[in-house]
Each structure stands twice: as C-alpha cells, then as structure tokens.
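Each remark here refers to the structure printed beneath this line.
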There are 4 protein chains.
Amino acid sequence: MREAAIEAFAENGYGSTTTRQIAARLGMSPAAMYPHYRSKEELLYAIAYEGHDLALRVVRDADLPDADPIARLISIIRRFVEWQAQNHRRARVIQYELTALEPDHYRAITGLRRDTTKVVRDVVDLGIESGQFTVPDAEGVTLALMSLCVDICRWYPSGRYNEPDTLSTLYADLSLRLVGAVH
Amino acid sequence: MREAAIEAFAENGYGSTTTRQIAARLGMSPAAMYPHYRSKEELLYAIAYEGHDLALRVVRDADLPDADPIARLISIIRRFVEWQAQNHRRARVIQYELTALEPDHYRAITGLRRDTTKVVRDVVDLGIESGQFTVPDAEGVTLALMSLCVDICRWYPSGRYNEPDTLSTLYADLSLRLVGAVH
Amino acid sequence: MREAAIEAFAENGYGSTTTRQIAARLGMSPAAMYPHYRSKEELLYAIAYEGHDLALRVVRDADLPDADPIARLISIIRRFVEWQAQNHRRARVIQYELTALEPDHYRAITGLRRDTTKVVRDVVDLGIESGQFTVPDAEGVTLALMSLCVDICRWYPSGRYNEPDTLSTLYADLSLRLVGAVH
Amino acid sequence: MREAAIEAFAENGYGSTTTRQIAARLGMSPAAMYPHYRSKEELLYAIAYEGHDLALRVVRDADLPDADPIARLISIIRRFVEWQAQNHRRARVIQYELTALEPDHYRAITGLRRDTTKVVRDVVDLGIESGQFTVPDAEGVTLALMSLCVDICRWYPSGRYNEPDTLSTLYADLSLRLVGAVH
DNA sequence: AATGAATGAGGCTTCATTCAT
DNA sequence: CATGAATGAAGCCTCATTCAT
C-alpha cells in the first residue's frame with residue numbers, strides 16, 4: 001500500500017492525489033486504507049519516516065569509520081547517490097511533500113534529516129582536520145554535497161545519467177572537487 | 001494575484017492550495033480570479049512561464065560574452081544563485097509544481113529550461129576548449145551546476161546561508177571547483 | 001435580443017441557458033442585457049407574452065365571423081398550424097418554459113391562452129348548434145384540437161411534415177374528422 | 001431516487017433542478033446520488049430510458065395481434081392514454097427534457113420512441129389494408145395519434161379531464177374519428 | 001447603451017472519512 | 001480485513017447580477 005501511495009504521490013503530488021487513486025492502484029476500495037492508516041496524512045508520514053530512516057541507514061552503513069576521509073566521503077556519496085537514483089520516486093515524496101505533514105510528524109522527520117547530514121559533516125570536518133580537504137567553509141560544502149544528492153530525485157533519470165552507477169561515479173568525483181581533495 | 005498564488009503554492013503545494021485561499025490573501029472573492037485566468041491550472045502556467053522566462057533572462061544578462069570562461073561562469077552562477085535565493089518561493093513553485101501542468105503547458109516550460117541550461121553548458125564547453133576547465137564530462141558537470149542552483153529553493157534560507165550574497169559567494173567558489181578551475 | 005434568447009431557450013431550455021450564451025449569440029457582453037430587461041426571467045416573460053399575444057392575434061385574424069363553422073374551423077386551424085410550424089422554436093419556449101415564470105407573469109400568460117382556446121371553442125359550439133358538427137363533448141374536442149396544434153413545436157419538422165403548408169392541410173382535414181364534420 | 005428526480009424535473013425542468021433539491025426530497029445529502037449515478041445527466045438518462053421502455057411495453061402489451069384493427073387501435077390508445085395520464089409527471093420529463101441528454105444517450109431514446117410509434121403505425125396500415133380505416137395519409141394520422149397522446153403530459157389534469165379513464169374514453173373515440181372508422 | 005471586473009450564491013462533483021455489513 | 005453506501009465539507013468553477021467607467 002505504501003508502494004502504491006509513493007508512486008501516486010510522486011506522480012501527482014500529495015495534495016493532488018486522492019485516496020481513490022491509491023486504492024485503484026491496488027484494485028481495492030478507498031475504504032481499505034483505513035484499517036492500516038488512520039488518515040492520508042498518516043500514510044504520508046509512514047512513507048516519509050520509513051524513507052528517511054532508510055536513507056540514514058544507507059549513509060551510516062556506507063560510512064567506513066576506520067578509513068581515511070577521502071575513502072569515507074567517496075563511499076558515502078556513492079551509496080547515497082545510488083540510493084537516491086534507485087529510489088527517486090520515493091525520494092521525491094519524502095523530500096517535497098513534507099509540508100503536508102502535521103507539525104509533530106514534520107519535526108520527527110527533521111530529526112532524521114539532521115542525523116543524515118551529520119554523517120557527511122563529520123567526514124568533512126575530519127578531512128579538514130587531516131588537511132586532506134581544503135574548503136572555505138565546512139557548513140557550506142556539506143550543504144552543497146547534500147543538496148546535490150537530494151536534488152537527484154527532481155530530475156533523475158535524464159540524458160546520459162540514467163543509471164545509478166554512472167551517476168554515483170560522477171558525483172563521487174565531483175564531491176572530491178567540492179572538498180578540494182583533487183589536485 | 002500571481003504574487004498571492006505564488007506564496008500559497010509555495011507554502012502548501014499546488015494541489016493542496018484552494019482557489020479560496022488565494023482569493024483570501026487578496027481580500028477578494030474566489031470568483032475574482034476567473035476574469036484573469038481561465039482556471040487554477042492557467043494561473044500556475046502564467047506563474048511558471050513568467051518565472052522561467054525571468055530566470056532565463058537573468059542568466060543571459062549575467063553572461064559576459066567577451067570575458068573569459070572563468071569570469072563568465074562566476075558571473076552567471078552568482079546572479080543565478082542570487083535570483084534563486086531572492087525568489088526562493090517563486091522558484092519553489094516553478095520547479096516543483098510542474099507536474100500539475102497540462103501537457104502543452106509543460107512542454108512550453110521545458111523549452112525555457114533547456115535554454116537556461118544551454119547558457120551554462122556553452123560556457124562549460126568554452127572553458128574546456130580553452131583548457132581552463134578540467135571536467136570529466138561537460139554534461140554531468142553542467143547538470144551538477146544547475147542542480148545546485150535549482151535546489152536552493154528547497155532549503156533556503158537555512159543556517160548561515162540566509163543572504164543571497166553569502167550564498168552566491170560560496171556557490172561561485174564551488175562552481176569553479178566543480179569545473180576544475182581551482183588549483 | 002429576444003430572437004437570440006428564443007433560439008437559446010428552445011435549444012437548451014430556460015434553466016440550462018445562461019445569459020452568457022444569449023449574449024454570445026449577439027456578440028455582446030452578458031451585462032448588455034440588463035439595460036433592456038431587468039432579469040433573465042423578465043426576458044422570458046417578454047418573449048412569452050409577445051408570443052402568446054401573437055398567437056391569439058393569429059387565431060382571431062383567421063376567424064371568419066360571417067362564415068359557416070366548417071369554413072371557420074378550417075381557416076383557424078390552418079393559420080394556427082402554419083404559425084406553430086413557422087414559429088416552432090418560439091412556440092416551444094412559450095409552451096414549455098412557462099413554469100420558470102413568476103406567479104404574476106404566469107397568470108398573465110394563462111389569460112392569453114384561455115382567450116385563444118375560447119376562439120376555437122366558440123366555433124365548435126356553433127358547429128354543434130348548427131348540427132354540422134357531431135361531437136361527444138365540446139370541451140374534450142376543443143382540448144384535442146388545441147393539443148394537436150400546440151404539440152407541433154415538440155416534433156416539427158419531421159419526416160414528410162416539414163413544410164407549414166403540408167402540415168396545415170393535413171391538420172385541417174383531421175380537425176374536421178375530430179368534430180365529426182366528414183362523412 | 002429516480003422518483004424524487006422525476007418530481008423535481010417535472011416541476012422545474014432539468015436545467016432548473018439542482019442536485020441539492022433532489023437530495024432534499026429524499027432527506028439525503030447531495031453526494032448520496034453519486035454512488036448510484038455518475039452524474040445528473042446519467043440520472044436523467046436512467047429515468048428517460050426506463051420511462052420510454054415502459055411506455056413501449058405498455059403499448060405492445062395493449063396490442064391485440066389477433067383482433068381486428070379497430071379493436072386493436074382502441075386498446076392501444078386507451079392503455080397508452082391511461083399510462084400518460086397516470087404517469088404525467090414522468091412523461092413530462094421523458095418527453096421534454098431529452099435535449100439535455102448527451103448525443104449517445106439521446107440516440108438510444110430515439111430508438112425506443114420509433115419502436116413505440118411503429119406499433120401504432122402497423123395497426124393504422126392494417127386498418128387501411130382491410131378498408132376499415134380511411135385516412136389521407138398513414139404517416140400523418142399516426143403522427144397525430146401519437147401527438148395527441150404524448151401531449152397529455154403538458155396539460156393533464158385539467159377541467160373535466162382529470163381521470164385517466166375519462167380521458168381514455170374520449171381519446172379512443174377521437175382516434176377512431178381520426179382514422180375514419182366512424183360513420 | 002455597453003463593458004470588464006467583481007461578487008455572493010450556489011452549481012455539479014469530489015474529497016477524506018465513517019459505518020453497517 | 002474489506003466493502004458499498006453515505007456524508008459533511010469543500011473542491012473548482014459558473015451563475016445571474018451589479019457597478020464604475
């Protein structure tokens with residue numbers, strides 16, 4: 001049911017998607033949603049929470065605590081980009097439809113997002129400390145790295161970049177440029 | 001009227017915004033929209049067309065045909081970033097609500113977006129030719145440059161980056177890194 | 001303006017016709033009606049009054065006070081049928097849209113209709129008195145004569161009966177049969 | 001629900017009747033109609049189809065294939081007139097509101113009406129063949145017979161003719177006069 | 001006399017949701 | 001757990017009408 005909702009929300013937006021459309025994708029009646037979710041908003045919240053939780057896990061799993069900052073950044077960006085590309089519909093929903101959440105729900109998601117950013121930020125800070133990264137501003141560069149990855153869901157797939165692998169290779173390279181780790 | 005609609009769409013999304021809400025912002029009746037726009041979708045189209053047309057103009061005006069690629073890229077990115085930051089609500093609407101447009105309208109917007117990207121792409125190509133830029137792939141780097149700028153409307157303002165000028169300085173620097181014009 | 005309204009009302013019915021449609025037929029703005037008629041209902045009333053007044057005049061003019069009942073009935077029916085056929089759109093409006101009139105207006109029309117029926121009824125009565133007509137019931141036969149004529153606007157033109165003249169010849173014959181003046 | 005709609009349409013016309021009015025007659029909400037009919041027009045079509053189907057059945061049931069044309073015509077007209085009188089509200093709707101139907105629906109109804117007319121026409125033709133009827137034109141007389149019956153819904157009840165039986169007796173007599181079967 | 005913009009009311013219909021089954 | 005019918009609220013939009021111009 002979440003699958004169906006994700007596709008519908010991704011295509012039309014939360015506000016323009018009706019419970020009937022979601023139900024129709026499942027061949028069920030609109031009322032069938034209610035034993036599972038208390039409301040359309042709760043369904044969105046379930047999707048958003050699961051999605052951001054997954055993204056956080058992906059980033060954390062990709063991190064290599066014992067490796068050097070360059071290898072860590074490459075690993076994180078590669079996996080995060082792949083995930084964004086593979087889950088671009090889901091990503092679109094959980095990035096762009098958050099304003100429809102109720103305040104409490106919105107806050108819960110914000111927490112997960114902060115945690116995800118923190119993983120990247122920590123590696124950036126470490127790279128600066130070790131002198132491998134040269135950046136004007138750690139916050140700004142982290143912002144740009146996250147922005148690049150998150151924005152994938154807006155345009156992917158497009159042109160030559162229609163495979164997770166192609167894209168993650170490009171973005172891993174670009175991320176090293178952004179942190180000034182290429183000479 | 002477009003102003004009011006932009007704010008409403010930016011806050012709640014097109015699908016979740018009602019014609020009543022837009023009219024309420026203007027202190028008018030919901031019917032007052034109809035002598036000016038044939039439908040809610042036409043209002044969105046007017047906003048989207050105007051916005052993308054403006055963005056294209058901004059980028060073209062910022063270009064310096066006689067300058068060298070580095071100066072041109074800096075100028076374009078600075079102005080584009082400033083515009084995205086200053087118009088982040090409008091930008092959000094014209095970037096994220098496009099799926100609500102009818103096919104014909106959608107296509108018209110797509111054309112303007114391609115033109116905007118082209119301006120950046122041409123400078124990237126020139127920089128490569130002149131040897132000032134070192135990039136793995138012109139298409140991919142252009143994609144990233146545009147992505148970075150367009151995504152501003154999703155998060156701006158945030159943290160230290162809450163002034164167009166601060167942000168454009170950061171992004172001008174980052175863009176040179178992306179094209180490999182920094183050593 | 002009445003012409004335009006008649007055509008619109010006849011095609012779509014009073015309730016389904018908008019002031020915009022009427023105005024559009026005249027190439028004018030919807031507001032242009034109001035200097036001439038106080039409301040849509042007043043426009044209908046003007047049409048209905050004029051129409052029923054005309055019909056009454058047609059029937060009275062067709063009557064031949066000095067002729068014998070058979071000649072009179074033939075003349076009346078012929079002219080009335082011709083008028084109904086020639087003005088079938090107008091007739092449709094003034095027969096079928098009366099329920100949309102305000103009570104006072106409705107009553108005014110009812111008076112004209114009664115007068116029209118009276119012209120026919122008087123000839124029927126005279127024919128009975130003179131022994132030329134043999135009818136079971138003057139009221140019933142008058143009802144049927146009027147019914148036949150008034151119903152023309154529902155179906156005319158159709159099949160072979162698409163000329164006022166053809167139809168009036170048929171109906172003159174049939175009316176003599178109804179009053180029992182044929183042997 | 002069809003009952004309620006028939007009364008409302010008969011009183012005010014289709015275009016002047018609102019879905020709210022129909023629902024109010026049933027003590028239900030305006031939305032209650034939609035699980036049963038897709039639109040107001042579909043409700044009208046259901047009423048029109050059922051009505052014309054019923055009328056056709058009434059006429060066919062009244063026909064007496066083995067009897068002589070005079071008895072057959074009397075039987076058909078009596079039953080048809082009775083039905084028109086008893087169902088004058090329904091008849092009004094299904095005769096006068098047909099222009100509000102969509103083309104496909106309109107055509108379906110037209111077919112049923114032709115079938116109904118055919119039943120009468122066949123008897124007229126038979127009467128002519130057998131020499132019992134003397135008519136100037138079978139098509140014209142059939143037209144008049146149908147016209148007389150169909151028009152009942154416009155004026156019934158009125159004056160002395162406020163009982164189906166009284167009326168059917170009158171019209172059976174008049175129909176014999178129209179076909180020239182009275183001497 | 002005619003218009004374009006505006007409006008309050010309300011048009012038809014759809015919405016998310018409920019509830020008896 | 002799933003449904004079909006129902007609903008109150010509201011969706012977008014159109015209505016007849018007004019009014020300043």
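In the structure tokens, chains take letters A, B, ... by order of appearance, with residues numbered from 1 within each chain and ligands from 1 in the order shown.
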
Nearby residues (only C-alpha atoms (C1' of nucleotides)) at most 9 Å from segment 1-16 of chain F, same-chain spacing under 6 positions excluded, as a PyMOL selection string | (chain A and resi 28-29+31-32+35) or (chain B and resi 18-19+31+34+39-40) or (chain C and resi 18-19+39-40) or (chain D and resi 28-32+35) or (chain E and resi 9-11+13-15+17-19+21)

What lies within 10 Å of Ile109 of chain B using only C-alpha atoms (C1' of nucleotides), ignoring chain neighbours under 2 positions off, as JSON, numbers by chain?
-> {"B": [45, 48, 49, 50, 51, 52, 53, 94, 98, 101, 104, 105, 106, 107, 111, 112, 113, 114]}

Excluding Ser147 of chain C and any residue of its chain fewer than 4 positions from it, enumerate the residues within 12 Å of it, using only C-alpha atoms (C1' of nucleotides), and give them as a compact mmCIF listing (two decimals) with C-alpha atoms, in the first residue's frame.
# COMPACT_ATOMS: atom_id res chain seq x y z
CA ILE C 77 -56.69 25.54 -37.77
CA PHE C 80 -52.73 28.33 -36.32
CA VAL C 81 -50.89 25.27 -37.57
CA GLN C 84 -46.89 26.92 -34.95
CA GLN C 95 -45.25 26.46 -24.24
CA THR C 117 -58.78 28.41 -26.73
CA VAL C 120 -61.78 27.63 -31.15
CA GLU C 139 -64.67 20.61 -24.18
CA GLY C 140 -62.90 17.38 -25.00
CA VAL C 141 -62.77 18.01 -28.71
CA THR C 142 -61.54 21.56 -28.24
CA LEU C 143 -58.88 20.20 -25.92
CA ASP C 151 -47.73 19.88 -29.75
CA ILE C 152 -46.38 20.71 -33.19
CA CYS C 153 -43.50 22.63 -31.66
CA ARG C 154 -42.32 19.44 -29.93
CA TYR C 171 -54.48 19.12 -39.76
CA SER C 175 -59.84 18.67 -37.39
CA ALA D 144 -51.45 12.98 -34.96
CA LEU D 145 -52.42 9.97 -32.86
CA MET D 146 -49.05 9.95 -31.12
CA SER D 147 -49.03 13.70 -30.78
CA LEU D 148 -52.38 13.71 -29.05
CA CYS D 149 -51.27 11.06 -26.56
CA VAL D 150 -47.85 12.47 -25.88
CA ASP D 151 -49.14 15.97 -25.34
CA ILE D 152 -51.30 14.80 -22.45
CA CYS D 153 -48.43 15.29 -20.04
CA ARG D 154 -48.33 19.00 -20.89
CA TRP D 155 -51.80 19.85 -19.63
CA TYR D 156 -53.15 16.89 -17.65
CA TYR D 171 -59.35 9.68 -26.91
